[in-house]
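Visitor: This is start15.cif (mmCIF, C-alpha atoms).
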data_work
#
loop_
_atom_site.label_atom_id
_atom_site.label_comp_id
_atom_site.auth_asym_id
_atom_site.auth_seq_id
_atom_site.Cartn_x
_atom_site.Cartn_y
_atom_site.Cartn_z
CA MET A 27 -140.96 94.42 16.94
CA ALA A 28 -138.79 95.01 19.92
CA SER A 29 -135.45 93.31 20.20
CA ILE A 30 -134.49 92.84 23.80
CA PRO A 31 -131.36 91.08 25.01
CA ALA A 32 -132.50 87.70 26.28
CA ASN A 33 -130.41 88.31 29.39
CA TYR A 34 -132.79 91.05 30.46
CA GLY A 35 -135.84 88.86 30.07
CA LEU A 36 -134.20 86.15 32.15
CA LEU A 37 -133.14 88.81 34.62
CA LEU A 38 -136.74 89.91 35.03
CA ALA A 39 -137.84 86.31 35.50
CA ALA A 40 -135.15 85.82 38.13
CA ALA A 41 -136.16 89.02 39.93
CA LEU A 42 -139.81 87.97 40.04
CA PHE A 43 -138.84 84.49 41.22
CA VAL A 44 -136.66 85.86 44.00
CA LEU A 45 -139.45 88.20 45.08
CA GLY A 46 -141.88 85.29 45.25
CA PHE A 47 -139.32 83.24 47.15
CA ALA A 48 -138.81 86.03 49.67
CA GLY A 49 -142.58 86.22 50.05
CA VAL A 50 -142.82 82.50 50.81
CA LEU A 51 -140.06 82.80 53.39
CA ALA A 52 -141.29 85.97 55.08
CA ARG A 53 -145.08 85.62 55.20
CA ARG A 54 -146.94 83.37 57.60
CA ASN A 55 -150.46 83.77 56.25
CA ILE A 56 -151.07 80.75 54.07
CA ILE A 57 -152.99 82.75 51.46
CA PHE A 58 -150.04 85.08 50.98
CA MET A 59 -147.75 82.07 50.71
CA LEU A 60 -149.94 80.67 47.94
CA LEU A 61 -149.82 84.05 46.18
CA SER A 62 -146.03 84.03 46.42
CA ILE A 63 -145.91 80.53 44.98
CA GLU A 64 -148.04 81.79 42.10
CA ILE A 65 -145.50 84.56 41.52
CA MET A 66 -142.71 81.97 41.39
CA VAL A 67 -144.60 79.72 38.96
CA ASN A 68 -145.36 82.70 36.76
CA ALA A 69 -141.71 83.76 36.78
CA SER A 70 -140.61 80.32 35.60
CA GLY A 71 -143.18 80.52 32.83
CA LEU A 72 -141.77 83.89 31.85
CA ALA A 73 -138.29 82.36 31.63
CA PHE A 74 -139.64 79.67 29.28
CA VAL A 75 -141.33 82.22 27.04
CA VAL A 76 -138.17 84.33 26.90
CA GLY A 77 -136.20 81.25 25.88
CA GLY A 78 -138.73 80.32 23.22
CA SER A 79 -138.66 83.86 21.89
CA ARG A 80 -134.86 83.86 21.83
CA TRP A 81 -134.71 80.76 19.60
CA ARG A 82 -137.92 81.64 17.70
CA GLN A 83 -139.45 78.26 18.59
CA PRO A 84 -142.97 77.54 19.88
CA ASP A 85 -141.63 75.19 22.56
CA GLY A 86 -141.32 77.96 25.15
CA GLN A 87 -144.97 78.87 24.83
CA LEU A 88 -145.90 75.17 24.98
CA MET A 89 -144.07 74.82 28.25
CA PHE A 90 -145.88 77.92 29.45
CA ILE A 91 -149.22 76.28 28.61
CA PHE A 92 -148.24 73.20 30.60
CA ILE A 93 -147.11 75.40 33.49
CA LEU A 94 -150.46 77.17 33.31
CA ALA A 95 -152.34 73.88 33.61
CA MET A 96 -150.11 72.88 36.51
CA ALA A 97 -150.69 76.22 38.22
CA ALA A 98 -154.47 75.91 37.83
CA VAL A 99 -154.43 72.45 39.46
CA GLU A 100 -152.09 73.63 42.18
CA VAL A 101 -154.22 76.65 43.02
CA SER A 102 -157.48 74.74 43.14
CA LEU A 103 -156.03 72.03 45.37
CA GLY A 104 -154.14 74.52 47.49
CA LEU A 105 -157.18 76.68 48.09
CA ALA A 106 -159.29 73.62 48.93
CA LEU A 107 -156.63 72.69 51.47
CA VAL A 108 -156.66 76.25 52.83
CA LEU A 109 -160.41 76.04 53.38
CA GLN A 110 -160.00 72.66 55.07
CA LEU A 111 -157.22 74.01 57.28
CA TYR A 112 -159.28 77.04 58.21
CA HIS A 113 -162.19 74.86 59.24
CA HIS A 114 -159.91 72.77 61.43
CA LEU A 115 -157.74 75.45 63.01
CA LYS A 116 -159.92 78.59 62.70
CA SER A 117 -156.79 80.41 61.65
CA LEU A 118 -154.63 81.02 58.57
CA ASP A 119 -151.38 80.91 60.56
CA ILE A 120 -149.11 78.34 58.93
CA ASP A 121 -147.22 77.87 62.21
CA LYS A 122 -150.32 76.41 63.81
CA ALA A 123 -150.23 73.63 61.21
CA SER A 124 -146.59 72.77 61.77
CA ARG A 125 -147.42 69.50 63.50
CA MET A 126 -148.78 66.76 61.32
CA LYS A 127 -151.21 65.38 63.89
CA GLY A 128 -153.45 67.71 65.81
CA MET B 3 -140.51 99.99 21.08
CA ASP B 4 -137.86 98.54 23.36
CA VAL B 5 -138.76 100.98 26.09
CA THR B 6 -142.16 99.32 26.55
CA PHE B 7 -140.37 96.19 27.72
CA TYR B 8 -138.42 98.03 30.37
CA ILE B 9 -141.43 100.01 31.58
CA SER B 10 -143.62 96.92 31.93
CA ALA B 11 -140.75 95.04 33.56
CA ALA B 12 -140.44 97.81 36.14
CA VAL B 13 -144.21 97.75 36.68
CA ALA B 14 -144.11 93.99 37.18
CA VAL B 15 -141.31 94.15 39.73
CA VAL B 16 -142.85 97.04 41.68
CA ALA B 17 -146.29 95.40 41.72
CA THR B 18 -144.80 92.09 42.86
CA LEU B 19 -142.90 93.88 45.59
CA ALA B 20 -146.20 95.40 46.69
CA VAL B 21 -147.85 91.95 46.69
CA ILE B 22 -145.45 90.49 49.23
CA THR B 23 -145.59 93.50 51.55
CA ARG B 24 -149.35 94.20 51.76
CA TYR B 25 -151.30 93.46 54.93
CA ASN B 26 -154.71 93.26 53.28
CA ALA B 27 -155.24 90.17 51.12
CA VAL B 28 -157.45 91.91 48.58
CA HIS B 29 -154.92 94.71 48.07
CA ALA B 30 -152.21 92.12 47.49
CA LEU B 31 -154.47 90.38 45.00
CA LEU B 32 -155.05 93.60 43.06
CA TYR B 33 -151.30 94.22 42.87
CA LEU B 34 -150.77 90.65 41.73
CA ILE B 35 -153.27 91.15 38.91
CA VAL B 36 -151.35 94.27 37.84
CA SER B 37 -148.13 92.26 37.92
CA LEU B 38 -149.66 89.46 35.83
CA LEU B 39 -150.98 91.94 33.28
CA ALA B 40 -147.51 93.51 33.04
CA VAL B 41 -146.03 90.06 32.40
CA SER B 42 -148.73 89.48 29.79
CA LEU B 43 -147.66 92.69 28.05
CA ILE B 44 -144.05 91.48 28.16
CA PHE B 45 -145.12 88.23 26.47
CA PHE B 46 -146.76 90.27 23.73
CA ILE B 47 -143.65 92.42 23.30
CA LEU B 48 -141.49 89.29 23.12
CA GLY B 49 -143.56 87.99 20.21
CA ALA B 50 -145.68 85.44 22.06
CA PRO B 51 -149.24 86.74 21.57
CA PHE B 52 -150.87 83.39 22.41
CA ALA B 53 -149.08 83.14 25.73
CA ALA B 54 -150.01 86.77 26.41
CA ALA B 55 -153.70 86.03 25.86
CA LEU B 56 -153.52 82.93 28.06
CA GLU B 57 -151.77 84.86 30.81
CA ALA B 58 -154.46 87.54 30.83
CA ILE B 59 -157.41 85.13 30.55
CA ILE B 60 -156.39 82.20 32.73
CA TYR B 61 -153.96 83.72 35.23
CA ALA B 62 -155.33 87.21 35.75
CA GLY B 63 -158.87 86.00 35.11
CA ALA B 64 -159.63 82.50 36.31
CA ILE B 65 -156.98 81.79 38.93
CA MET B 66 -157.32 85.19 40.60
CA VAL B 67 -161.10 84.73 40.72
CA LEU B 68 -160.49 81.53 42.68
CA PHE B 69 -158.37 83.47 45.15
CA ILE B 70 -161.07 86.15 45.47
CA PHE B 71 -163.71 83.48 46.14
CA VAL B 72 -161.64 81.92 48.90
CA ILE B 73 -160.91 85.29 50.51
CA MET B 74 -164.62 86.08 50.40
CA ILE B 75 -165.48 82.70 51.93
CA LEU B 76 -162.94 83.17 54.72
CA ASN B 77 -164.29 86.70 55.27
CA LEU B 78 -160.99 88.33 56.15
CA GLY B 79 -161.73 91.74 57.60
CA PRO B 80 -159.68 94.61 59.04
CA GLN B 81 -158.86 92.41 62.02
CA ALA B 82 -156.95 90.02 59.75
CA ALA B 83 -154.97 92.96 58.34
CA ARG B 84 -154.04 93.93 61.89
CA VAL B 85 -152.82 90.38 62.55
CA GLU B 86 -150.75 90.56 59.37
CA ARG B 87 -149.18 93.80 60.53
CA ILE B 88 -148.15 92.12 63.77
CA TRP B 89 -146.76 89.10 61.92
CA LEU B 90 -144.82 91.11 59.38
CA LYS B 91 -142.32 92.72 61.70
CA PRO B 92 -138.93 93.50 60.16
CA ARG B 93 -137.17 90.82 62.15
CA THR B 94 -139.49 88.28 60.54
CA TRP B 95 -138.66 89.10 56.97
CA LEU B 96 -135.28 90.78 57.20
CA GLY B 97 -133.26 87.56 57.29
CA PRO B 98 -135.02 85.77 54.43
CA ALA B 99 -135.09 88.95 52.38
CA ALA B 100 -131.35 89.48 52.83
CA LEU B 101 -130.61 85.89 51.82
CA ALA B 102 -132.94 86.12 48.84
CA LEU B 103 -131.23 89.38 47.88
CA ILE B 104 -127.87 87.60 47.86
CA LEU B 105 -129.32 84.96 45.53
CA ALA B 106 -130.75 87.71 43.34
CA GLY B 107 -127.36 89.41 43.21
CA GLU B 108 -125.69 86.18 42.14
CA LEU B 109 -128.28 85.58 39.43
CA ILE B 110 -127.93 89.15 38.16
CA TYR B 111 -124.14 88.77 38.07
CA ILE B 112 -124.34 85.47 36.19
CA LEU B 113 -126.88 86.73 33.69
CA ILE B 114 -125.07 90.02 33.06
CA SER B 115 -121.61 88.49 32.66
CA GLY B 116 -122.84 85.37 30.85
CA GLY B 117 -122.25 85.81 27.13
CA GLU B 118 -119.90 87.97 25.13
CA GLN B 119 -122.52 88.81 22.55
CA GLU B 120 -126.05 89.24 23.81
CA PRO B 121 -128.66 87.03 22.19
CA LYS B 122 -131.79 88.96 21.28
CA ALA B 123 -135.30 87.99 22.24
CA GLY B 124 -138.48 89.23 20.68
CA THR B 125 -137.22 89.64 17.12
CA ALA B 126 -139.86 87.34 15.66
CA VAL B 127 -143.47 86.55 16.41
CA VAL B 128 -144.32 82.93 17.22
CA GLY B 129 -148.06 82.96 16.74
CA ALA B 130 -150.90 80.75 17.89
CA ASN B 131 -150.74 78.80 14.64
CA GLU B 132 -147.24 77.42 15.23
CA VAL B 133 -147.99 76.83 18.91
CA GLY B 134 -151.06 74.80 18.05
CA ILE B 135 -149.25 72.74 15.42
CA ALA B 136 -146.47 71.90 17.86
CA LEU B 137 -148.90 71.33 20.74
CA PHE B 138 -150.91 68.67 18.94
CA GLY B 139 -147.94 67.24 17.05
CA PRO B 140 -144.80 66.28 18.92
CA TYR B 141 -146.18 67.36 22.30
CA LEU B 142 -149.40 65.32 22.19
CA LEU B 143 -148.27 63.14 25.08
CA GLY B 144 -147.76 66.28 27.16
CA VAL B 145 -151.33 67.35 26.44
CA GLU B 146 -152.60 63.97 27.58
CA LEU B 147 -150.53 64.17 30.75
CA ALA B 148 -151.83 67.69 31.41
CA SER B 149 -155.39 66.45 31.04
CA LEU B 150 -154.64 63.65 33.49
CA LEU B 151 -153.20 66.20 35.90
CA LEU B 152 -156.29 68.37 35.58
CA LEU B 153 -158.49 65.36 36.23
CA ALA B 154 -156.50 64.53 39.33
CA GLY B 155 -156.84 68.12 40.50
CA LEU B 156 -160.58 68.04 39.89
CA VAL B 157 -161.04 64.84 41.86
CA GLY B 158 -158.77 66.08 44.63
CA ALA B 159 -160.51 69.44 44.95
CA TYR B 160 -163.90 67.71 44.98
CA HIS B 161 -162.76 65.32 47.66
CA LEU B 162 -161.34 68.06 49.89
CA GLY B 163 -164.36 70.28 49.43
CA ARG B 164 -166.82 67.46 50.13
CA ARG B 165 -165.16 66.46 53.39
CA SER B 166 -165.23 69.98 54.70
CA GLY B 167 -168.91 70.19 53.76
CA SER B 168 -169.93 66.97 55.52
CA GLU B 169 -167.95 67.77 58.67
CA GLY B 170 -171.01 69.07 60.50
CA SER B 171 -173.33 66.14 59.84
CA ASP B 172 -170.59 63.66 60.82
CA SER B 173 -172.07 60.63 59.10
CA PRO B 174 -170.17 57.41 59.88
CA GLY B 175 -169.61 56.43 56.26
CA SER B 176 -167.65 59.50 55.27
CA GLY B 177 -164.59 60.98 56.88
CA ARG B 178 -161.65 59.18 58.35
CA PRO B 179 -162.27 55.51 59.13
CA ASN B 180 -160.12 54.95 62.20
CA GLY B 181 -159.01 58.38 63.37
CA GLU B 182 -161.30 58.77 66.39
CA LYS B 183 -160.53 55.55 68.24
CA VAL B 184 -156.89 56.23 69.05
#
Render the structure in this file as structure tokens.
Guide:
Amino acid sequence: MASIPANYGLLLAAALFVLGFAGVLARRNIIFMLLSIEIMVNASGLAFVVGGSRWRQPDGQLMFIFILAMAAVEVSLGLALVLQLYHHLKSLDIDKASRMKG
Amino acid sequence: MDVTFYISAAVAVVATLAVITRYNAVHALLYLIVSLLAVSLIFFILGAPFAAALEAIIYAGAIMVLFIFVIMILNLGPQAARVERIWLKPRTWLGPAALALILAGELIYILISGGEQEPKAGTAVVGANEVGIALFGPYLLGVELASLLLLAGLVGAYHLGRRSGSEGSDSPGSGRPNGEKV
């Protein structure tokens, strides 16, 4: 078995989260924004698993399972909304959907 | 054995960096799958084989297939990649990236200078057996709530998909009740 300082695992999770965050801020295509949100969700799951591994408890993996269920729901609803938005606006530009009505 | 962690961590970071800089959606998706598989390997190295299997099956399998279906439905071609190239000018992402980099620097500083003695992760395997016992023992309420959440997602996705399907026929019963009169 490997023994890695838990700091490094959390560091990796933080790096992935920041990358996903930068993606959400920089991209304007809504599909890429959803992908970046997935990266962020996955990074938080990684932080939970690192914590669970640090204390040798199954709780971290349990939280990861819950996060996985949440991510599945979020992706299915988000992609359904993307399809709806594309039918309305004929575009994936998030700026075109900045007004609530119209 | 430790070196596998650092290699897969580097692969995950590089692949994620590629995800947020690609113009083509399918290329970004492929890099994201590589990133998720690297994270799955990290889970395995950290002694969480069940989470590793779930990451590979559900994340890199099921959720990414959903993304591929939507990209195929939207039929994004080379023209969409050109639009992305126009959108992704440096002045668009330079500011957010610099700010996010500052946050990353702070997090790195905090995590590096946090403890005097470094706690170790990955020294023991927490297998599927223990996870299952805990999942259906003290966390049973969480499982019920997750099932409720999944049901809500199912109903919501069905509702959204149905409305987009019946948009063309425009039957009076479905759709918004009082949106057209205003």
Visitor: Using only C-alpha atoms, what residues lie at most 10 Å away from (-148.9, 81.3, 24.0) (file coordinates), given as a list in words?
Guide: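 Every residue inside that radius is included here: Val75, Pro84, Asp85, Gly86, Gln87, Leu88, Met89, Phe90 and Ile91 of chain A; Phe45, Phe46, Gly49, Ala50, Pro51, Phe52, Ala53, Ala54, Ala55, Leu56, Glu57, Val128, Gly129, Ala130, Asn131, Glu132, Val133 and Gly134 of chain B.
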Visitor: Could you name the residues that touch region 143-149 of chain B at 8 Å or less, counting all atoms listed in the file, but leaving out those on the same chain fewer than 3 positions away, as a list of chain:residue names?
Guide: A:Phe92, A:Ala95, A:Met96, B:Leu137, B:Phe138, B:Pro140, B:Leu152, B:Leu153
Visitor: Enumerate, as a ChimeraX atom specification, the residues matched when the PyMOL selection byres ((chain B and resi 100-102) around 12) is run on the file above.
Guide: /A:40-52 /B:92-99,103-109
Visitor: Taking into account all atoms listed in the file, which residue in the set B:Thr23, B:Ser10, B:Ser37, B:Thr125 is nearest to Glu64 (chain A)?
Guide: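 The shortest atom-to-atom distance to Glu64 (chain A) comes from B:Ser37.
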Visitor: Calculated over all atoms listed in the file, which of the candidates A:Ser70, A:Ile120, A:Met59, A:Leu103 has the smallest distance to chain B?
Guide: A:Leu103
Visitor: Any chance you could work out the residue set of the PyMOL selection byres ((chain A and resi 36) around 9) here, as an MDAnalysis selection string?
Guide: (chainID A and resid 32:35 37:41 72:74 76:77) or (chainID B and resid 113)
Visitor: Could you tell me how far CA of Tyr25 (chain B) lies from CA of Val85 (chain B), in Å and to one decimal?
Guide: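 Computing the Euclidean distance for CA of Tyr25 (chain B) and CA of Val85 (chain B) yields 8.4 Å.
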